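Down below is the structure, laid out as structure tokens.
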Amino acid sequence: MAGVLFGEACMTKVLDSLELLIKGLAGLCLASVLALMIAQVASRFLFNFSLAAASELSIYAMIWCVFLAAAVAFRHGDHIAMDFILNGLPKRLKLIFSIIVYLSVTLFLVIIVFKGYDLSLRAMKQVSTASGLPVGYISMAMPICSVLALIFMTEHAIKQLWVGANND
């Protein structure tokens with residue numbers, strides 16, 4: 001029992017560190033969006049010059065920010081859910097329904113990982129107009145963050161289902 005608890009504590013510590021890293025990256029992306037937008041507005045008003053790359057890069061940073069934050073939301077079960085149906089069910093049915101939902105979301109994320117990876121590889125040949133970056137770097141947010149979401153959702157599901165199964 002102590003070995004299981006140690007393993008669980010160790011895994012929680014690793015996932016806490018991963019979450020902190022992801023939150024830092026998402027914050028960096030958001031700060032980049034702010035800095036790029038300020039630079040874009042300042043260049044237009046002060047120098048009568050448009051920084052097309054700033055606008056494009058801010059969109060790309062926002063895409064990464066959203067996908068990173070969405071992965072973290074899976075860890076805490078913070079995504080929007082219509083749980084009024086679930087709350088009205090008996091405990092055993094609620095557990096079965098939760099398992100079906102977790103398996104469905106897992107299937108969806110696995111599809112996003114593989115199809116997103118394929119899309120990203122194909123998009124590496126396409127270069128963005130203003131910044132000159134391969135578009136694959138932007139679309140790579142889908143598979144990478146879906147893998148992170150799978151990791152965090154698995155942890156959340158195990159905790160939720162363990163609690164639900166032990167409360168019967």
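Scheme for the structure tokens: letters A, B, ... for chains in order shown; per-chain residue numbers from 1; ligand numbers from 1 in order shown.
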
Show me, as a PDB file with C-alpha atoms, in the first residue's frame, the residues that have an atom within 12 Å of Leu34 (chain A) when counting only C-alpha atoms, minus same-chain residues fewer than 3 positions from it.
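Final output, out31.pdb:
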ATOM      1  CA  GLY A  27       1.498  32.633 -20.157  1.00  0.00           C
ATOM      2  CA  LEU A  28       4.484  33.301 -22.396  1.00  0.00           C
ATOM      3  CA  CYS A  29       2.259  32.906 -25.467  1.00  0.00           C
ATOM      4  CA  LEU A  30      -0.290  35.310 -24.000  1.00  0.00           C
ATOM      5  CA  ALA A  31       2.429  37.829 -23.132  1.00  0.00           C
ATOM      6  CA  MET A  37      -0.342  43.708 -30.572  1.00  0.00           C
ATOM      7  CA  ILE A  38       1.207  46.708 -28.810  1.00  0.00           C
ATOM      8  CA  ALA A  39       4.003  46.727 -31.383  1.00  0.00           C
ATOM      9  CA  GLN A  40       1.457  46.496 -34.198  1.00  0.00           C
ATOM     10  CA  VAL A  41      -0.670  49.387 -32.892  1.00  0.00           C
ATOM     11  CA  ALA A  54       3.206  40.908 -35.742  1.00  0.00           C
ATOM     12  CA  SER A  55      -0.460  40.347 -36.470  1.00  0.00           C
ATOM     13  CA  LEU A  57       2.501  35.853 -35.052  1.00  0.00           C
ATOM     14  CA  SER A  58       0.017  37.038 -32.430  1.00  0.00           C
ATOM     15  CA  ILE A  59      -2.628  34.777 -33.957  1.00  0.00           C
ATOM     16  CA  ALA A  61       0.719  32.568 -30.242  1.00  0.00           C
ATOM     17  CA  MET A  62      -2.968  32.722 -29.317  1.00  0.00           C
TER      18      MET A  62
END

Output as a PyMOL selection string all residues of region 66-145 of chain A that backbone DSSP marks as alpha helix (DSSP H). chain A and resi 66-76+84-87+91-123+136-139+141-145

12 Å contact set for region 80-85 of chain A, only C-alpha atoms, chain neighbours under 2 positions out, as a ChimeraX atom specification: /A:70,73-74,76-78,87-90,93-94,97-98,101

Just to confirm, what's the straight-line distance from CA of Gly116 (chain A) to CA of Ser146 (chain A) in Å (one decimal)? 9.0 Å

I want to know what sits within 12 Å of Pro143 (chain A), based on only C-alpha atoms, with residues of the same chain fewer than 2 positions away left out; could you give that as number ranges by chain? A: 64, 67-68, 71, 108-121, 136-141, 145-150

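Distance check against Leu20 (chain A) using only C-alpha atoms: of A:Ala69, A:Leu107, A:Ile99, A:Met153, the minimum falls on A:Ala69.
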
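The residue set within 9 Å of Thr154 (chain A), counting only C-alpha atoms and dropping same-chain residues fewer than 6 places from it, reads Phe74, Arg75, Tyr102 and Thr106 of chain A.
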